Amino acid sequence: PLLALERARQQRHQATTAVAGIVASLAFAVALTVMVGSFRGSVTAWLGQILPADLYARTATSSAAADTLYLPGDILQSVSALPSIERALGQRVYAAQFDPARPSVAVLARPLGDPAASLPLLGELRPSVSDALNVYVSEAFASLYRSGAGARFELPLADGRTRAAHVRGIWRDYARQQGAIAIDAADYQAASGDTRINDLALWLKAGSKPAEVQAQISGLLDAGAAAGTGTALEFASAVELRVTSLRIFDRSFAVTYWLQAVAIGIGLFGIAASFAAQVLARRKEFGVLLHLGLTRAQVLRMVALEGALWSCAAALLGTALGLGVSVILVKVVNPQSFHWSMDLAVPWARLALLMLGVVASATLTAWCAARVCAGANQALLVKQDW
């Protein structure tokens with residue numbers, strides 16, 4: 001240990017060459033781990049707030065298709081009267097065009113109640129006004145159309161008319177990168193006279209089975225179809241929506257784990273090559289140590305300890321550098337590139353395991369390199385020094 005420590009102290013330039021790849025690769029891996037973990041944690045919290053009901057139903061998979069597939073407003077009374085339903089809310093969704101060069105924006109009209117509880121708001125709420133519609137815009141809309149809290153713009157209604165809108169606040173929306181606007185259903189209906197809905201949020205009574213509720217609502221729609229007003233619905237529970245959303249998220253970021261593995265592998269390859277070159281250059285030194293009484297196992301342990309010391313320093317430096325890069329990714333790159341923010345969350349346990357894995361792998365790599373290169377006869381090694 002003393003020999004390993006003194007060499008690590010006296011040959012810092014060689015240590016820099018050996019561990020530079022570890023620092024770079026670990027910083028990359030740490031930055032990706034923190035960024036993906038922060039994003040996943042924010043998405044999980046967001047899903048928990050925007051999916052408070054037990055069961056959801058919709059007429060269309062996009063806001064553009066929702067303009068032609070909808071339900072009459074009186075369907076809410078019929079659904080609420082079902083014995084399995086404790087509470088039912090409807091949502092009107094339509095597409096509004098603000099810029100011909102950009103995709104349309106989704107407008108969501110539903111009962112908001114307390115916006116701070118029903119929407120994942122960011123920042124403070126501006127006071128409501130009486131001379132315009134009070135709306136809440138997503139981060140993407142606020143960034144793309146420069147309409148932050150307190151801004152005003154003309155909101156296109158579903159019938160083609162426009163009304164002045166006042167932005168009370170900004171909310172987080174990971175589902176619509178083109179932007180979204182939330183408005184209370186009562187305000188929207190008063191301004192447009194449109195009472196149709198596209199989505200249903202259903203709270204079930206204790207003991208009710210989602211399959212039975214779906215069958216009951218489908219029966220109501222079948223009766224409406226006989227009267228010429230029926231529309232098919234797609235059902236999904238809140239649990240199914242959360243699981244599906246997180247599965248899509250994990251699948252989308254699966255490549256990042258492969259990138260981390262490749263980066264760590266490149267760093268380990270670099271330390272293996274560096275230690276192999278150093279061991280070859282130190283064959284005379286090893287010969288003298290073996291001649292003075294050290295065993296081959298002790299020499300290998302010395303090299304392994306050098307690798308452990310250097311890789312520990314590299315792990316600390318690489319982790320610190322990766323944390324700095326992750327802050328830039330979370331706070332700067334993502335808002336600028338994708339127009340949404342996330343909460344920084346550092347998975348300390350995962351980072352600790354990553355650091356330990358890198359240190360252990362680097363130590364083993366150094367030992368293997370020394371074992372391969374320092375296996376010659378000690379007499380021949382000493383002879384090289386004559």
# chains A, B, ... in the order shown; residues from 1 in each chain; ligands from 1
>>> residues_around(residues="region 199-213 of chain A", least_positions_apart="6", cutoff="6 Å", atoms="only C-alpha atoms", output="PyMOL selection string")
chain A and resi 53-58+84-91
>>> atom_distance(atom1="CA of Val327 (chain A)", atom2="CA of Val23 (chain A)")
17.5 Å
>>> select_by_dssp(residues="region 62-155 of chain A", states="alpha helix (DSSP H)", output="ChimeraX atom specification")
/A:75-80,115-118,139-144
>>> select_by_dssp(residues="region 27-214 of chain A", states="strand (DSSP E or B)", output="PyMOL selection string")
chain A and resi 55-58+71+85-96+105-110+121-122+133-138+152-156+162-171+180-184+197+199-204
>>> residues_around(residues="Phe28 (chain A)", least_positions_apart="2", cutoff="9 Å", atoms="only C-alpha atoms", output="list in words")
Val23, Ala24, Ser25, Leu26, Val30, Ala31, Leu32, Thr33, Leu259, Gln260, Ala263, Ile264, Gly318, Thr319, Leu321, Gly322, Val325 and Ser326 of chain A
>>> write_last_selection(atoms="C-alpha atoms", output="compact mmCIF listing (two decimals), in the first residue's frame")
# COMPACT_ATOMS: atom_id res chain seq x y z
CA VAL A 23 -13.49 11.12 -15.74
CA ALA A 24 -15.04 11.87 -19.14
CA SER A 25 -17.11 8.68 -19.37
CA LEU A 26 -18.35 8.84 -15.77
CA VAL A 30 -23.78 10.74 -14.33
CA ALA A 31 -25.23 13.61 -16.37
CA LEU A 32 -27.53 11.25 -18.30
CA THR A 33 -28.55 9.38 -15.13
CA LEU A 259 -24.84 5.04 -24.24
CA GLN A 260 -23.77 5.02 -20.59
CA ALA A 263 -19.05 5.39 -22.38
CA ILE A 264 -17.97 3.42 -19.32
CA GLY A 318 -16.21 12.66 -12.85
CA THR A 319 -19.27 12.63 -10.58
CA LEU A 321 -18.40 17.22 -13.33
CA GLY A 322 -21.42 15.10 -14.31
CA VAL A 325 -23.49 19.06 -16.64
CA SER A 326 -26.81 17.59 -15.45
>>> atom_distance(atom1="CA of Ser42 (chain A)", atom2="CA of Thr244 (chain A)")
15.8 Å
>>> residues_around(residues="Pro72 (chain A)", least_positions_apart="2", cutoff="9 Å", atoms="only C-alpha atoms", output="PyMOL selection string")
chain A and resi 70+74-76+195-198+229-230
>>> atom_distance(atom1="CA of Ala362 (chain A)", atom2="CA of Phe253 (chain A)")
26.8 Å
>>> residues_around(residues="Arg301 (chain A)", least_positions_apart="5", cutoff="12 Å", atoms="only C-alpha atoms", output="ChimeraX atom specification")
/A:1-4,294-296,306-308,363-364,366-371,374
>>> write_last_selection(atoms="N, CA and C atoms", output="mmCIF file, in the first residue's frame")
data_model
loop_
_atom_site.group_PDB
_atom_site.id
_atom_site.type_symbol
_atom_site.label_atom_id
_atom_site.label_comp_id
_atom_site.auth_asym_id
_atom_site.auth_seq_id
_atom_site.Cartn_x
_atom_site.Cartn_y
_atom_site.Cartn_z
ATOM 1 N N PRO A 1 0.814 -1.229 0.000
ATOM 2 C CA PRO A 1 0.000 0.000 0.000
ATOM 3 C C PRO A 1 0.843 1.274 0.000
ATOM 4 N N LEU A 2 1.966 1.242 0.767
ATOM 5 C CA LEU A 2 2.828 2.424 0.811
ATOM 6 C C LEU A 2 3.436 2.714 -0.557
ATOM 7 N N LEU A 3 3.913 1.679 -1.251
ATOM 8 C CA LEU A 3 4.462 1.867 -2.590
ATOM 9 C C LEU A 3 3.413 2.412 -3.550
ATOM 10 N N ALA A 4 2.201 1.865 -3.465
ATOM 11 C CA ALA A 4 1.125 2.321 -4.353
ATOM 12 C C ALA A 4 0.779 3.768 -4.087
ATOM 13 N N LEU A 294 9.707 -9.134 -2.804
ATOM 14 C CA LEU A 294 8.272 -9.076 -3.006
ATOM 15 C C LEU A 294 7.824 -10.251 -3.876
ATOM 16 N N THR A 295 6.692 -10.743 -3.577
ATOM 17 C CA THR A 295 6.146 -11.820 -4.400
ATOM 18 C C THR A 295 5.390 -11.220 -5.584
ATOM 19 N N ARG A 296 5.136 -12.075 -6.562
ATOM 20 C CA ARG A 296 4.381 -11.623 -7.735
ATOM 21 C C ARG A 296 2.988 -11.154 -7.336
ATOM 22 N N GLU A 306 -2.863 0.995 -6.929
ATOM 23 C CA GLU A 306 -2.675 2.226 -7.700
ATOM 24 C C GLU A 306 -3.915 2.523 -8.543
ATOM 25 N N GLY A 307 -4.419 1.469 -9.210
ATOM 26 C CA GLY A 307 -5.626 1.665 -10.004
ATOM 27 C C GLY A 307 -6.801 2.084 -9.152
ATOM 28 N N ALA A 308 -6.924 1.524 -7.943
ATOM 29 C CA ALA A 308 -8.029 1.886 -7.054
ATOM 30 C C ALA A 308 -7.920 3.341 -6.612
ATOM 31 N N THR A 363 -10.113 -1.042 -11.017
ATOM 32 C CA THR A 363 -9.131 -1.780 -10.224
ATOM 33 C C THR A 363 -8.875 -3.159 -10.818
ATOM 34 N N LEU A 364 -9.952 -3.848 -11.172
ATOM 35 C CA LEU A 364 -9.804 -5.173 -11.777
ATOM 36 C C LEU A 364 -9.083 -5.088 -13.115
ATOM 37 N N ALA A 366 -6.842 -2.822 -14.018
ATOM 38 C CA ALA A 366 -5.416 -2.592 -13.755
ATOM 39 C C ALA A 366 -4.731 -3.885 -13.309
ATOM 40 N N TRP A 367 -5.387 -4.667 -12.459
ATOM 41 C CA TRP A 367 -4.801 -5.931 -11.986
ATOM 42 C C TRP A 367 -4.603 -6.904 -13.139
ATOM 43 N N CYS A 368 -5.616 -6.997 -14.013
ATOM 44 C CA CYS A 368 -5.509 -7.908 -15.158
ATOM 45 C C CYS A 368 -4.377 -7.484 -16.090
ATOM 46 N N ALA A 369 -4.256 -6.167 -16.332
ATOM 47 C CA ALA A 369 -3.190 -5.682 -17.202
ATOM 48 C C ALA A 369 -1.823 -6.002 -16.606
ATOM 49 N N ALA A 370 -1.681 -5.810 -15.284
ATOM 50 C CA ALA A 370 -0.404 -6.122 -14.639
ATOM 51 C C ALA A 370 -0.129 -7.618 -14.658
ATOM 52 N N ARG A 371 -1.156 -8.422 -14.491
ATOM 53 C CA ARG A 371 -0.975 -9.874 -14.456
ATOM 54 C C ARG A 371 -0.476 -10.393 -15.810
ATOM 55 N N ALA A 374 3.291 -8.702 -16.356
ATOM 56 C CA ALA A 374 4.354 -8.857 -15.358
ATOM 57 C C ALA A 374 4.563 -10.324 -15.004
#
>>> closest_residue(among="A:Ala142, A:Val255, A:Val262, A:Val107", to="Ile170 (chain A)", atoms="only C-alpha atoms")
A:Ala142
>>> closest_residue(among="A:Gln49, A:Arg102, A:Ser147, A:Ala261", to="Ala116 (chain A)", atoms="only C-alpha atoms")
A:Gln49
>>> closest_residue(among="A:Val167, A:Leu323, A:Leu119, A:Leu155", to="Val105 (chain A)", atoms="only C-alpha atoms")
A:Leu155
>>> closest_residue(among="A:Ala175, A:Ala313, A:Leu351, A:Leu47", to="Ala238 (chain A)", atoms="only C-alpha atoms")
A:Leu47
>>> residues_around(residues="Ala273 (chain A)", least_positions_apart="2", cutoff="12 Å", atoms="only C-alpha atoms", output="list in words")
Thr17, Ala18, Val19, Gly21, Ile266, Gly267, Leu268, Phe269, Gly270, Ile271, Phe275, Ala276, Ala277, Gln278, Val279, Leu280, Ala362, Thr365, Ala366, Cys368, Ala369, Ala370 and Cys373 of chain A
>>> residues_around(residues="Arg168 (chain A)", least_positions_apart="2", cutoff="7 Å", atoms="only C-alpha atoms", output="PDB file with all heavy atoms, in the first residue's frame")
ATOM      1  N   LEU A 125     -50.040  32.694  -9.495  1.00  0.00           N
ATOM      2  CA  LEU A 125     -51.231  32.972 -10.294  1.00  0.00           C
ATOM      3  C   LEU A 125     -51.488  34.468 -10.339  1.00  0.00           C
ATOM      4  O   LEU A 125     -51.418  35.151  -9.314  1.00  0.00           O
ATOM      5  CB  LEU A 125     -52.455  32.262  -9.701  1.00  0.00           C
ATOM      6  CG  LEU A 125     -52.712  30.809 -10.094  1.00  0.00           C
ATOM      7  CD1 LEU A 125     -53.910  30.274  -9.343  1.00  0.00           C
ATOM      8  CD2 LEU A 125     -52.928  30.685 -11.586  1.00  0.00           C
ATOM      9  N   ARG A 126     -51.803  34.961 -11.524  1.00  0.00           N
ATOM     10  CA  ARG A 126     -52.205  36.354 -11.649  1.00  0.00           C
ATOM     11  C   ARG A 126     -53.685  36.490 -11.281  1.00  0.00           C
ATOM     12  O   ARG A 126     -54.460  35.533 -11.431  1.00  0.00           O
ATOM     13  CB  ARG A 126     -51.988  36.828 -13.086  1.00  0.00           C
ATOM     14  CG  ARG A 126     -50.536  36.889 -13.507  1.00  0.00           C
ATOM     15  CD  ARG A 126     -49.750  37.884 -12.668  1.00  0.00           C
ATOM     16  NE  ARG A 126     -48.358  37.961 -13.075  1.00  0.00           N
ATOM     17  CZ  ARG A 126     -47.878  38.810 -13.974  1.00  0.00           C
ATOM     18  NH1 ARG A 126     -48.710  39.648 -14.593  1.00  0.00           N
ATOM     19  NH2 ARG A 126     -46.597  38.826 -14.259  1.00  0.00           N
ATOM     20  N   PRO A 127     -54.101  37.640 -10.815  1.00  0.00           N
ATOM     21  CA  PRO A 127     -55.526  37.832 -10.489  1.00  0.00           C
ATOM     22  C   PRO A 127     -56.401  37.661 -11.733  1.00  0.00           C
ATOM     23  O   PRO A 127     -55.995  37.991 -12.851  1.00  0.00           O
ATOM     24  CB  PRO A 127     -55.570  39.267  -9.956  1.00  0.00           C
ATOM     25  CG  PRO A 127     -54.170  39.583  -9.542  1.00  0.00           C
ATOM     26  CD  PRO A 127     -53.283  38.827 -10.480  1.00  0.00           C
ATOM     27  N   SER A 128     -57.595  37.135 -11.533  1.00  0.00           N
ATOM     28  CA  SER A 128     -58.530  36.971 -12.646  1.00  0.00           C
ATOM     29  C   SER A 128     -59.081  38.330 -13.061  1.00  0.00           C
ATOM     30  O   SER A 128     -59.104  39.290 -12.280  1.00  0.00           O
ATOM     31  CB  SER A 128     -59.675  36.037 -12.248  1.00  0.00           C
ATOM     32  OG  SER A 128     -60.365  36.554 -11.126  1.00  0.00           O
ATOM     33  N   ASN A 134     -60.289  34.024 -18.649  1.00  0.00           N
ATOM     34  CA  ASN A 134     -59.123  33.664 -17.848  1.00  0.00           C
ATOM     35  C   ASN A 134     -58.665  32.267 -18.261  1.00  0.00           C
ATOM     36  O   ASN A 134     -59.415  31.291 -18.138  1.00  0.00           O
ATOM     37  CB  ASN A 134     -59.475  33.683 -16.364  1.00  0.00           C
ATOM     38  CG  ASN A 134     -59.799  35.085 -15.865  1.00  0.00           C
ATOM     39  OD1 ASN A 134     -58.909  35.929 -15.739  1.00  0.00           O
ATOM     40  ND2 ASN A 134     -61.066  35.352 -15.605  1.00  0.00           N
ATOM     41  N   VAL A 135     -57.438  32.181 -18.757  1.00  0.00           N
ATOM     42  CA  VAL A 135     -56.929  30.911 -19.260  1.00  0.00           C
ATOM     43  C   VAL A 135     -55.589  30.601 -18.597  1.00  0.00           C
ATOM     44  O   VAL A 135     -54.957  31.464 -17.973  1.00  0.00           O
ATOM     45  CB  VAL A 135     -56.762  30.939 -20.797  1.00  0.00           C
ATOM     46  CG1 VAL A 135     -58.093  31.202 -21.481  1.00  0.00           C
ATOM     47  CG2 VAL A 135     -55.720  31.979 -21.218  1.00  0.00           C
ATOM     48  N   TYR A 136     -55.159  29.359 -18.776  1.00  0.00           N
ATOM     49  CA  TYR A 136     -53.894  28.872 -18.232  1.00  0.00           C
ATOM     50  C   TYR A 136     -53.164  28.172 -19.379  1.00  0.00           C
ATOM     51  O   TYR A 136     -53.703  27.246 -19.982  1.00  0.00           O
ATOM     52  CB  TYR A 136     -54.143  27.907 -17.070  1.00  0.00           C
ATOM     53  CG  TYR A 136     -55.084  28.472 -16.028  1.00  0.00           C
ATOM     54  CD1 TYR A 136     -56.467  28.346 -16.182  1.00  0.00           C
ATOM     55  CD2 TYR A 136     -54.606  29.155 -14.922  1.00  0.00           C
ATOM     56  CE1 TYR A 136     -57.342  28.881 -15.261  1.00  0.00           C
ATOM     57  CE2 TYR A 136     -55.471  29.695 -13.986  1.00  0.00           C
ATOM     58  CZ  TYR A 136     -56.846  29.558 -14.162  1.00  0.00           C
ATOM     59  OH  TYR A 136     -57.708  30.094 -13.247  1.00  0.00           O
ATOM     60  N   ALA A 149     -47.442  34.608 -17.933  1.00  0.00           N
ATOM     61  CA  ALA A 149     -48.479  35.051 -17.010  1.00  0.00           C
ATOM     62  C   ALA A 149     -48.694  36.555 -17.148  1.00  0.00           C
ATOM     63  O   ALA A 149     -47.739  37.336 -17.172  1.00  0.00           O
ATOM     64  CB  ALA A 149     -48.091  34.691 -15.583  1.00  0.00           C
ATOM     65  N   GLY A 150     -49.957  36.941 -17.266  1.00  0.00           N
ATOM     66  CA  GLY A 150     -50.326  38.340 -17.434  1.00  0.00           C
ATOM     67  C   GLY A 150     -50.486  38.775 -18.876  1.00  0.00           C
ATOM     68  O   GLY A 150     -50.996  39.876 -19.135  1.00  0.00           O
ATOM     69  N   HIS A 166     -56.924  36.211 -21.135  1.00  0.00           N
ATOM     70  CA  HIS A 166     -55.927  36.711 -20.178  1.00  0.00           C
ATOM     71  C   HIS A 166     -55.262  35.508 -19.514  1.00  0.00           C
ATOM     72  O   HIS A 166     -55.938  34.617 -18.987  1.00  0.00           O
ATOM     73  CB  HIS A 166     -56.613  37.592 -19.130  1.00  0.00           C
ATOM     74  CG  HIS A 166     -55.765  37.866 -17.917  1.00  0.00           C
ATOM     75  ND1 HIS A 166     -54.689  38.705 -17.938  1.00  0.00           N
ATOM     76  CD2 HIS A 166     -55.849  37.385 -16.635  1.00  0.00           C
ATOM     77  CE1 HIS A 166     -54.146  38.756 -16.729  1.00  0.00           C
ATOM     78  NE2 HIS A 166     -54.829  37.956 -15.924  1.00  0.00           N
TER      79      HIS A 166
END
>>> decode(residues="region 128-157 of chain A", atoms="N, CA and C atoms", output="PDB file, in the first residue's frame")
ATOM      1  N   SER A 128     -57.595  37.135 -11.533  1.00  0.00           N
ATOM      2  CA  SER A 128     -58.530  36.971 -12.646  1.00  0.00           C
ATOM      3  C   SER A 128     -59.081  38.330 -13.061  1.00  0.00           C
ATOM      4  N   VAL A 129     -59.521  38.418 -14.308  1.00  0.00           N
ATOM      5  CA  VAL A 129     -60.083  39.662 -14.852  1.00  0.00           C
ATOM      6  C   VAL A 129     -61.507  39.383 -15.333  1.00  0.00           C
ATOM      7  N   SER A 130     -62.271  40.436 -15.503  1.00  0.00           N
ATOM      8  CA  SER A 130     -63.667  40.282 -15.929  1.00  0.00           C
ATOM      9  C   SER A 130     -63.887  40.666 -17.382  1.00  0.00           C
ATOM     10  N   ASP A 131     -62.915  41.316 -18.014  1.00  0.00           N
ATOM     11  CA  ASP A 131     -63.100  41.762 -19.394  1.00  0.00           C
ATOM     12  C   ASP A 131     -62.474  40.812 -20.417  1.00  0.00           C
ATOM     13  N   ALA A 132     -62.047  39.618 -19.984  1.00  0.00           N
ATOM     14  CA  ALA A 132     -61.454  38.639 -20.897  1.00  0.00           C
ATOM     15  C   ALA A 132     -61.596  37.250 -20.278  1.00  0.00           C
ATOM     16  N   LEU A 133     -61.409  36.233 -21.109  1.00  0.00           N
ATOM     17  CA  LEU A 133     -61.429  34.862 -20.612  1.00  0.00           C
ATOM     18  C   LEU A 133     -60.150  34.577 -19.838  1.00  0.00           C
ATOM     19  N   ASN A 134     -60.289  34.024 -18.649  1.00  0.00           N
ATOM     20  CA  ASN A 134     -59.123  33.664 -17.848  1.00  0.00           C
ATOM     21  C   ASN A 134     -58.665  32.267 -18.261  1.00  0.00           C
ATOM     22  N   VAL A 135     -57.438  32.181 -18.757  1.00  0.00           N
ATOM     23  CA  VAL A 135     -56.929  30.911 -19.260  1.00  0.00           C
ATOM     24  C   VAL A 135     -55.589  30.601 -18.597  1.00  0.00           C
ATOM     25  N   TYR A 136     -55.159  29.359 -18.776  1.00  0.00           N
ATOM     26  CA  TYR A 136     -53.894  28.872 -18.232  1.00  0.00           C
ATOM     27  C   TYR A 136     -53.164  28.172 -19.379  1.00  0.00           C
ATOM     28  N   VAL A 137     -51.961  28.626 -19.680  1.00  0.00           N
ATOM     29  CA  VAL A 137     -51.240  28.117 -20.843  1.00  0.00           C
ATOM     30  C   VAL A 137     -50.116  27.190 -20.383  1.00  0.00           C
ATOM     31  N   SER A 138     -49.780  26.229 -21.235  1.00  0.00           N
ATOM     32  CA  SER A 138     -48.679  25.321 -20.934  1.00  0.00           C
ATOM     33  C   SER A 138     -47.348  26.023 -21.168  1.00  0.00           C
ATOM     34  N   GLU A 139     -46.280  25.414 -20.653  1.00  0.00           N
ATOM     35  CA  GLU A 139     -44.948  25.990 -20.843  1.00  0.00           C
ATOM     36  C   GLU A 139     -44.598  26.118 -22.320  1.00  0.00           C
ATOM     37  N   ALA A 140     -44.979  25.084 -23.099  1.00  0.00           N
ATOM     38  CA  ALA A 140     -44.668  25.126 -24.526  1.00  0.00           C
ATOM     39  C   ALA A 140     -45.362  26.307 -25.199  1.00  0.00           C
ATOM     40  N   PHE A 141     -46.634  26.547 -24.889  1.00  0.00           N
ATOM     41  CA  PHE A 141     -47.353  27.673 -25.481  1.00  0.00           C
ATOM     42  C   PHE A 141     -46.719  28.992 -25.063  1.00  0.00           C
ATOM     43  N   ALA A 142     -46.401  29.119 -23.765  1.00  0.00           N
ATOM     44  CA  ALA A 142     -45.804  30.363 -23.284  1.00  0.00           C
ATOM     45  C   ALA A 142     -44.476  30.638 -23.966  1.00  0.00           C
ATOM     46  N   SER A 143     -43.696  29.582 -24.249  1.00  0.00           N
ATOM     47  CA  SER A 143     -42.398  29.767 -24.886  1.00  0.00           C
ATOM     48  C   SER A 143     -42.535  30.033 -26.380  1.00  0.00           C
ATOM     49  N   LEU A 144     -43.406  29.268 -27.046  1.00  0.00           N
ATOM     50  CA  LEU A 144     -43.533  29.409 -28.498  1.00  0.00           C
ATOM     51  C   LEU A 144     -44.204  30.715 -28.903  1.00  0.00           C
ATOM     52  N   TYR A 145     -45.181  31.153 -28.122  1.00  0.00           N
ATOM     53  CA  TYR A 145     -45.963  32.330 -28.501  1.00  0.00           C
ATOM     54  C   TYR A 145     -45.697  33.524 -27.586  1.00  0.00           C
ATOM     55  N   ARG A 146     -44.680  33.397 -26.724  1.00  0.00           N
ATOM     56  CA  ARG A 146     -44.278  34.497 -25.849  1.00  0.00           C
ATOM     57  C   ARG A 146     -45.477  35.074 -25.104  1.00  0.00           C
ATOM     58  N   SER A 147     -46.204  34.169 -24.446  1.00  0.00           N
ATOM     59  CA  SER A 147     -47.419  34.573 -23.724  1.00  0.00           C
ATOM     60  C   SER A 147     -47.338  34.031 -22.307  1.00  0.00           C
ATOM     61  N   GLY A 148     -46.541  34.689 -21.475  1.00  0.00           N
ATOM     62  CA  GLY A 148     -46.415  34.270 -20.102  1.00  0.00           C
ATOM     63  C   GLY A 148     -47.559  34.781 -19.245  1.00  0.00           C
ATOM     64  N   ALA A 149     -47.442  34.608 -17.933  1.00  0.00           N
ATOM     65  CA  ALA A 149     -48.479  35.051 -17.010  1.00  0.00           C
ATOM     66  C   ALA A 149     -48.694  36.555 -17.148  1.00  0.00           C
ATOM     67  N   GLY A 150     -49.957  36.941 -17.266  1.00  0.00           N
ATOM     68  CA  GLY A 150     -50.326  38.340 -17.434  1.00  0.00           C
ATOM     69  C   GLY A 150     -50.486  38.775 -18.876  1.00  0.00           C
ATOM     70  N   ALA A 151     -50.091  37.937 -19.841  1.00  0.00           N
ATOM     71  CA  ALA A 151     -50.205  38.298 -21.256  1.00  0.00           C
ATOM     72  C   ALA A 151     -51.653  38.173 -21.720  1.00  0.00           C
ATOM     73  N   ARG A 152     -51.934  38.805 -22.854  1.00  0.00           N
ATOM     74  CA  ARG A 152     -53.267  38.731 -23.465  1.00  0.00           C
ATOM     75  C   ARG A 152     -53.115  38.350 -24.929  1.00  0.00           C
ATOM     76  N   PHE A 153     -54.091  37.600 -25.429  1.00  0.00           N
ATOM     77  CA  PHE A 153     -54.112  37.232 -26.840  1.00  0.00           C
ATOM     78  C   PHE A 153     -55.538  36.904 -27.229  1.00  0.00           C
ATOM     79  N   GLU A 154     -55.768  36.750 -28.527  1.00  0.00           N
ATOM     80  CA  GLU A 154     -57.081  36.391 -29.034  1.00  0.00           C
ATOM     81  C   GLU A 154     -57.182  34.868 -29.120  1.00  0.00           C
ATOM     82  N   LEU A 155     -58.140  34.305 -28.390  1.00  0.00           N
ATOM     83  CA  LEU A 155     -58.317  32.853 -28.357  1.00  0.00           C
ATOM     84  C   LEU A 155     -59.370  32.439 -29.384  1.00  0.00           C
ATOM     85  N   PRO A 156     -59.003  31.634 -30.395  1.00  0.00           N
ATOM     86  CA  PRO A 156     -60.008  31.131 -31.342  1.00  0.00           C
ATOM     87  C   PRO A 156     -60.939  30.127 -30.655  1.00  0.00           C
ATOM     88  N   LEU A 157     -62.236  30.288 -30.831  1.00  0.00           N
ATOM     89  CA  LEU A 157     -63.208  29.341 -30.300  1.00  0.00           C
ATOM     90  C   LEU A 157     -63.477  28.257 -31.327  1.00  0.00           C
TER      91      LEU A 157
END
